>>> print(open('model_31.txt').read())   # compact mmCIF, C-alpha atoms and all ligand atoms
# COMPACT_ATOMS: atom_id res chain seq x y z
CA MET A 174 103.11 87.60 91.76
CA LYS A 175 104.25 89.07 88.42
CA LEU A 176 102.78 92.05 86.64
CA TYR A 177 103.59 92.48 82.97
CA SER A 178 103.58 96.22 82.55
CA TYR A 179 104.75 99.11 80.41
CA TRP A 180 105.85 102.26 82.20
CA ARG A 181 103.49 104.56 80.29
CA SER A 182 100.55 102.18 80.15
CA SER A 183 97.73 103.73 82.12
CA ALA A 184 95.90 100.40 82.29
CA ALA A 185 98.98 98.84 83.91
CA TYR A 186 99.34 101.92 86.14
CA ARG A 187 95.87 101.13 87.60
CA VAL A 188 97.06 97.71 88.68
CA ARG A 189 100.42 98.98 89.96
CA ILE A 190 98.51 101.33 92.28
CA ALA A 191 96.22 98.55 93.53
CA LEU A 192 99.15 96.19 94.21
CA ASN A 193 100.85 98.91 96.26
CA LEU A 194 97.67 99.83 98.13
CA LYS A 195 97.17 96.20 99.08
CA GLY A 196 100.84 95.81 99.99
CA LEU A 197 101.24 92.74 97.79
CA ASP A 198 104.73 91.50 96.96
CA HIS A 199 105.17 91.56 93.22
CA GLU A 200 107.66 91.73 90.42
CA ILE A 201 107.14 94.15 87.56
CA VAL A 202 108.09 92.60 84.23
CA PRO A 203 108.53 95.37 81.65
CA VAL A 204 106.99 94.75 78.22
CA SER A 205 107.91 97.34 75.63
CA LEU A 206 105.03 98.74 73.60
CA LEU A 207 107.37 101.02 71.67
CA PRO A 208 106.73 101.00 67.92
CA GLY A 209 109.51 98.98 66.33
CA VAL A 210 109.99 96.93 69.51
CA ALA A 211 106.40 95.93 70.30
CA GLU A 212 107.22 93.04 72.62
CA HIS A 213 103.52 92.67 73.32
CA ARG A 214 103.00 91.50 69.73
CA GLN A 215 105.81 88.95 69.76
CA ASP A 216 105.22 85.20 70.03
CA ASP A 217 106.49 84.85 73.61
CA TYR A 218 104.13 87.41 75.02
CA ARG A 219 101.27 86.42 72.75
CA ALA A 220 101.52 82.86 74.05
CA ARG A 221 101.10 84.26 77.55
CA ASN A 222 98.39 86.79 76.71
CA PRO A 223 96.60 86.31 73.37
CA GLN A 224 95.02 89.76 73.81
CA MET A 225 98.51 91.24 73.28
CA LEU A 226 97.91 94.05 75.77
CA VAL A 227 99.34 95.05 79.12
CA PRO A 228 98.68 94.67 82.00
CA PHE A 229 98.85 90.92 82.55
CA LEU A 230 99.00 89.36 86.00
CA GLU A 231 100.44 86.00 87.04
CA ASP A 232 99.66 84.79 90.55
CA GLY A 233 100.99 81.26 91.03
CA ASN A 234 99.33 79.07 88.44
CA PHE A 235 96.67 81.63 87.69
CA SER A 236 96.95 84.41 85.16
CA THR A 237 94.68 87.02 83.65
CA GLY A 238 94.73 90.17 81.57
CA GLN A 239 92.38 93.19 81.57
CA SER A 240 93.00 95.71 84.31
CA LEU A 241 89.46 95.73 85.72
CA ALA A 242 89.40 91.93 85.89
CA ILE A 243 92.76 92.06 87.65
CA LEU A 244 91.51 94.66 90.15
CA GLU A 245 88.45 92.55 90.92
CA TYR A 246 90.62 89.43 91.28
CA LEU A 247 92.97 91.19 93.72
CA GLU A 248 90.02 92.48 95.72
CA GLU A 249 88.51 89.01 96.04
CA MET A 250 91.75 87.17 96.76
CA TYR A 251 93.38 89.82 98.94
CA PRO A 252 90.44 91.69 100.50
CA GLU A 253 92.44 93.86 102.93
CA PRO A 254 92.63 96.77 102.66
CA ALA A 255 89.34 96.88 100.79
CA LEU A 256 89.25 98.95 97.62
CA LEU A 257 85.51 98.54 97.19
CA PRO A 258 82.82 99.58 99.70
CA ALA A 259 80.97 96.90 101.68
CA ASP A 260 77.58 98.10 100.45
CA ALA A 261 76.40 96.70 97.08
CA GLN A 262 74.90 99.99 95.90
CA GLN A 263 78.06 101.90 96.76
CA ARG A 264 80.11 99.25 94.98
CA ALA A 265 77.98 99.73 91.86
CA THR A 266 78.58 103.50 92.05
CA VAL A 267 82.35 103.01 92.27
CA ARG A 268 82.33 100.50 89.41
CA SER A 269 80.22 102.79 87.26
CA PHE A 270 82.76 105.60 87.79
CA CYS A 271 85.62 103.24 86.89
CA ASN A 272 83.89 101.87 83.80
CA SER A 273 83.26 105.38 82.51
CA ILE A 274 87.03 105.91 82.51
CA CYS A 275 88.22 102.44 81.53
CA CYS A 276 85.53 101.58 78.98
CA ASP A 277 84.42 104.96 77.63
CA ILE A 278 87.59 107.09 77.60
CA HIS A 279 90.71 104.95 77.57
CA PRO A 280 89.85 102.54 74.70
CA LEU A 281 89.34 105.45 72.31
CA ASN A 282 92.79 106.82 73.09
CA ASN A 283 95.03 103.82 73.49
CA LEU A 284 98.13 103.05 71.46
CA ARG A 285 96.64 100.87 68.75
CA VAL A 286 93.83 103.37 68.13
CA MET A 287 96.40 106.17 67.90
CA GLN A 288 98.52 104.10 65.50
CA TYR A 289 95.51 103.20 63.34
CA LEU A 290 94.27 106.78 63.16
CA LYS A 291 97.71 108.06 62.20
CA SER A 292 99.03 105.38 59.89
CA GLU A 293 95.87 103.92 58.27
CA LEU A 294 93.62 106.97 58.21
CA GLY A 295 96.32 109.63 57.81
CA VAL A 296 95.18 111.69 60.78
CA SER A 297 97.69 114.45 61.64
CA ASP A 298 99.23 114.87 65.11
CA LYS A 299 97.08 117.98 65.59
CA GLN A 300 93.89 116.13 64.66
CA PHE A 301 94.87 113.25 66.87
CA ASN A 302 95.39 115.57 69.84
CA THR A 303 91.92 117.05 69.23
CA TRP A 304 90.47 113.54 69.19
CA TYR A 305 92.36 112.61 72.37
CA ALA A 306 91.22 115.69 74.29
CA HIS A 307 87.65 115.29 73.07
CA TRP A 308 87.21 111.83 74.59
CA ILE A 309 88.89 112.79 77.83
CA CYS A 310 86.63 115.83 78.20
CA GLU A 311 83.49 113.86 77.35
CA GLY A 312 84.29 111.39 80.11
CA PHE A 313 85.68 113.87 82.61
CA LYS A 314 82.56 116.07 82.45
CA ALA A 315 80.53 113.19 83.84
CA ALA A 316 83.23 112.07 86.26
CA GLU A 317 83.58 115.63 87.61
CA THR A 318 79.82 115.87 88.22
CA THR A 319 79.85 112.60 90.15
CA ALA A 320 83.01 113.44 92.10
CA ALA A 321 81.68 116.92 92.99
CA THR A 322 78.52 115.34 94.41
CA PHE A 323 80.62 113.33 96.87
CA ALA A 324 83.22 116.04 97.57
CA ALA A 325 82.05 116.74 101.13
CA ALA A 326 82.49 113.08 102.08
CA GLY A 327 86.29 113.13 102.15
CA PRO A 328 89.51 113.71 100.28
CA PHE A 329 88.92 110.88 97.80
CA VAL A 330 86.28 110.47 95.09
CA PHE A 331 83.87 108.52 97.26
CA GLY A 332 84.88 109.55 100.74
CA GLU A 333 87.49 108.86 103.37
CA SER A 334 89.17 105.90 101.70
CA VAL A 335 90.76 105.27 98.36
CA SER A 336 88.92 102.82 96.16
CA PHE A 337 89.09 101.48 92.62
CA ALA A 338 87.93 104.98 91.63
CA GLU A 339 91.38 106.46 92.31
CA THR A 340 93.24 103.52 90.76
CA CYS A 341 91.40 104.35 87.51
CA LEU A 342 91.23 108.14 87.78
CA ILE A 343 94.85 108.98 88.57
CA PRO A 344 96.32 107.28 85.46
CA GLN A 345 93.72 108.99 83.28
CA VAL A 346 94.59 112.39 84.76
CA TYR A 347 98.25 111.54 84.09
CA ASN A 348 97.40 110.86 80.43
CA ALA A 349 95.43 114.09 80.18
CA ARG A 350 98.40 116.05 81.49
CA ARG A 351 100.79 114.18 79.22
CA PHE A 352 98.74 115.25 76.20
CA LYS A 353 98.28 118.77 77.60
CA VAL A 354 94.50 118.54 77.90
CA PRO A 355 93.33 121.57 79.95
CA LEU A 356 91.82 120.38 83.23
CA ASP A 357 90.38 123.68 84.52
CA ASP A 358 86.83 122.42 84.17
CA TYR A 359 87.51 119.41 86.40
CA PRO A 360 88.64 120.92 89.73
CA ARG A 361 87.42 118.07 91.92
CA LEU A 362 89.15 115.43 89.77
CA VAL A 363 92.38 117.43 89.90
CA THR A 364 92.14 117.90 93.68
CA VAL A 365 91.69 114.17 94.22
CA ALA A 366 94.50 113.31 91.78
CA ASP A 367 96.89 115.75 93.44
CA ALA A 368 96.03 114.36 96.89
CA CYS A 369 96.68 110.79 95.69
CA ASN A 370 99.94 111.76 94.04
CA GLU A 371 101.20 112.82 97.47
CA LEU A 372 100.78 109.26 98.73
CA GLU A 373 103.76 106.94 98.55
CA THR A 374 101.65 104.04 97.21
CA PHE A 375 100.57 106.13 94.23
CA ARG A 376 103.98 107.74 93.73
CA ARG A 377 105.71 104.34 93.48
CA ALA A 378 103.25 103.29 90.77
CA ALA A 379 103.83 106.40 88.65
CA PRO A 380 105.28 106.02 85.14
CA GLU A 381 108.41 108.01 86.08
CA GLN A 382 109.19 105.48 88.83
CA GLN A 383 109.19 102.53 86.41
CA SER A 384 111.97 101.16 84.30
CA ASN A 385 111.43 103.31 81.22
CA ASP A 386 114.40 102.44 79.09
CA LEU A 387 112.21 100.37 76.77
N1 LIG B 1 90.93 97.05 78.43
C1 LIG B 1 92.32 96.81 78.65
C2 LIG B 1 93.14 97.82 77.90
C3 LIG B 1 94.60 97.51 77.93
C4 LIG B 1 95.36 98.41 76.98
O1 LIG B 1 94.81 99.05 76.08
N2 LIG B 1 96.67 98.44 77.20
C5 LIG B 1 97.48 99.25 76.34
C6 LIG B 1 98.44 100.06 77.14
S1 LIG B 1 97.59 101.23 78.15
C7 LIG B 1 98.24 98.32 75.42
O2 LIG B 1 98.70 97.27 75.82
N3 LIG B 1 98.36 98.74 74.18
C8 LIG B 1 99.03 98.01 73.19
C9 LIG B 1 98.51 98.33 71.84
O3 LIG B 1 97.60 99.16 71.77
O4 LIG B 1 99.00 97.75 70.88
C10 LIG B 1 92.65 96.84 80.15
O5 LIG B 1 91.95 97.55 80.87
O6 LIG B 1 93.60 96.17 80.58
>>> encode(input="model_31.txt", output="structure tokens")
Amino acid sequence: MKLYSYWRSSAAYRVRIALNLKGLDHEIVPVSLLPGVAEHRQDDYRARNPQMLVPFLEDGNFSTGQSLAILEYLEEMYPEPALLPADAQQRATVRSFCNSICCDIHPLNNLRVMQYLKSELGVSDKQFNTWYAHWICEGFKAAETTAATFAAAGPFVFGESVSFAETCLIPQVYNARRFKVPLDDYPRLVTVADACNELETFRRAAPEQQSNDL
């Protein structure tokens, strides 16, 4: 299995965590998103993934982009250990939590949005940081409320076991810290993130553990 990934990509980080949790053999293929390099916009990569984004997974003859689609694919193809609960209603709750991060926070803050705001609309770094923090806080307020509701159930967002919830949350907390967004109002999210970051499977997926010379 090959995962096309960029060290600082939080969407790729989600999949790196899931691959480690499931213990799946894989090769990480670095794709530089750096302005001026932008391998993801070059013909080779575009031929592979017309969406021109990372992550992108190849598993034998099959390939797909979009981190949530990749997570669902891995769960269906390689069900053990399960990263979704057996119960349909609990699965919907986990997916709802993940979508709030992956669909309602991350897309507003990703690289091409940042580049468009800065270069096309002339937004300053300071204004951009305000924008960035705003969307994280909007999403984290809701995520914190949900996570606090389940806090008694175990060390992770939804109980005793890690699920897709942590594969999505931990990279978003990483981004928040990278952009110095204060996290004091989200104690449960921080507690879960810190607990996950102690685990070897999460540590190996962290940006600092990737090839970051690109
Ligand atoms: N919805 C996509 C988002 C992927 C995404 O935005 N990836 C970023 C890195 S985190 C990217 O490739 N950005 C390149 C760009 O914005 O030009 C997913 O979940 O995989």
>>> residues_near_ligand(input="model_31.txt", ligand="ligand LIG 1 (chain B)", cutoff="10 Å", atoms="all atoms listed in the file", output="mmCIF file with C-alpha atoms, keeping the file's coordinate frame")
data_model
loop_
_atom_site.group_PDB
_atom_site.id
_atom_site.type_symbol
_atom_site.label_atom_id
_atom_site.label_comp_id
_atom_site.auth_asym_id
_atom_site.auth_seq_id
_atom_site.Cartn_x
_atom_site.Cartn_y
_atom_site.Cartn_z
ATOM 1 C CA TYR A 177 103.590 92.480 82.970
ATOM 2 C CA SER A 178 103.580 96.220 82.550
ATOM 3 C CA TYR A 179 104.750 99.110 80.410
ATOM 4 C CA TRP A 180 105.850 102.260 82.200
ATOM 5 C CA ARG A 181 103.490 104.560 80.290
ATOM 6 C CA SER A 182 100.550 102.180 80.150
ATOM 7 C CA SER A 183 97.730 103.730 82.120
ATOM 8 C CA ALA A 184 95.900 100.400 82.290
ATOM 9 C CA ALA A 185 98.980 98.840 83.910
ATOM 10 C CA TYR A 186 99.340 101.920 86.140
ATOM 11 C CA ARG A 187 95.870 101.130 87.600
ATOM 12 C CA VAL A 188 97.060 97.710 88.680
ATOM 13 C CA VAL A 204 106.990 94.750 78.220
ATOM 14 C CA SER A 205 107.910 97.340 75.630
ATOM 15 C CA LEU A 206 105.030 98.740 73.600
ATOM 16 C CA LEU A 207 107.370 101.020 71.670
ATOM 17 C CA PRO A 208 106.730 101.000 67.920
ATOM 18 C CA ALA A 211 106.400 95.930 70.300
ATOM 19 C CA GLU A 212 107.220 93.040 72.620
ATOM 20 C CA HIS A 213 103.520 92.670 73.320
ATOM 21 C CA ARG A 214 103.000 91.500 69.730
ATOM 22 C CA GLN A 224 95.020 89.760 73.810
ATOM 23 C CA MET A 225 98.510 91.240 73.280
ATOM 24 C CA LEU A 226 97.910 94.050 75.770
ATOM 25 C CA VAL A 227 99.340 95.050 79.120
ATOM 26 C CA PRO A 228 98.680 94.670 82.000
ATOM 27 C CA PHE A 229 98.850 90.920 82.550
ATOM 28 C CA THR A 237 94.680 87.020 83.650
ATOM 29 C CA GLY A 238 94.730 90.170 81.570
ATOM 30 C CA GLN A 239 92.380 93.190 81.570
ATOM 31 C CA SER A 240 93.000 95.710 84.310
ATOM 32 C CA LEU A 241 89.460 95.730 85.720
ATOM 33 C CA ALA A 242 89.400 91.930 85.890
ATOM 34 C CA ILE A 243 92.760 92.060 87.650
ATOM 35 C CA LEU A 244 91.510 94.660 90.150
ATOM 36 C CA ASN A 272 83.890 101.870 83.800
ATOM 37 C CA ILE A 274 87.030 105.910 82.510
ATOM 38 C CA CYS A 275 88.220 102.440 81.530
ATOM 39 C CA CYS A 276 85.530 101.580 78.980
ATOM 40 C CA HIS A 279 90.710 104.950 77.570
ATOM 41 C CA PRO A 280 89.850 102.540 74.700
ATOM 42 C CA LEU A 281 89.340 105.450 72.310
ATOM 43 C CA ASN A 282 92.790 106.820 73.090
ATOM 44 C CA ASN A 283 95.030 103.820 73.490
ATOM 45 C CA LEU A 284 98.130 103.050 71.460
ATOM 46 C CA ARG A 285 96.640 100.870 68.750
ATOM 47 C CA VAL A 286 93.830 103.370 68.130
ATOM 48 C CA MET A 287 96.400 106.170 67.900
ATOM 49 C CA GLN A 288 98.520 104.100 65.500
ATOM 50 C CA TYR A 289 95.510 103.200 63.340
ATOM 51 C CA CYS A 341 91.400 104.350 87.510
ATOM 52 C CA PRO A 344 96.320 107.280 85.460
ATOM 53 C CA ASN A 348 97.400 110.860 80.430
#
>>> residues_around(input="model_31.txt", residues="A:Leu176", least_positions_apart="2", cutoff="8 Å", atoms="all atoms listed in the file", output="PyMOL selection string")
chain A and resi 174+178+199-202+228-231
>>> atom_distance(input="model_31.txt", atom1="atom CA of A:Asn193", atom2="atom CA of A:Arg377")
7.8 Å
>>> atom_distance(input="model_31.txt", atom1="atom CA of A:Arg219", atom2="atom CA of A:Gly233")
19.0 Å
>>> residues_around(input="model_31.txt", residues="A:Phe375", least_positions_apart="3", cutoff="9 Å", atoms="only C-alpha atoms", output="list in words")
Arg189, Ile190, Ala191, Asn193, Leu194, Thr340, Ile343, Cys369, Asn370, Glu371, Leu372, Ala378 and Ala379 of chain A
>>> closest_residue(input="model_31.txt", among="A:Val296, A:Ala261, A:Ala338, A:Ala349", to="A:Ala320", atoms="all atoms listed in the file")
A:Ala338
>>> atom_distance(input="model_31.txt", atom1="atom CA of A:Phe313", atom2="atom CA of A:Tyr359")
7.0 Å
>>> residues_around(input="model_31.txt", residues="A:Tyr251", least_positions_apart="6", cutoff="10 Å", atoms="all atoms listed in the file", output="PyMOL selection string")
chain A and resi 192+195-197+245
>>> closest_residue(input="model_31.txt", among="A:Ala315, A:Cys271, A:Val335, A:Ile278", to="A:Pro254", atoms="only C-alpha atoms")
A:Val335
>>> closest_residue(input="model_31.txt", among="A:Lys353, A:Cys310, A:Ala220, A:Lys175", to="A:Asp198", atoms="only C-alpha atoms")
A:Lys175
>>> closest_residue(input="model_31.txt", among="A:Leu256, A:Leu290, A:Leu356, A:Val267", to="A:Phe331", atoms="only C-alpha atoms")
A:Val267
>>> closest_residue(input="model_31.txt", among="A:Ser292, A:Ser273, A:Ser297, A:Ser334", to="A:Ile309", atoms="all atoms listed in the file")
A:Ser273
>>> closest_residue(input="model_31.txt", among="A:Asp367, A:Asp357, A:Glu249, A:Glu311", to="A:Asp277", atoms="all atoms listed in the file")
A:Glu311
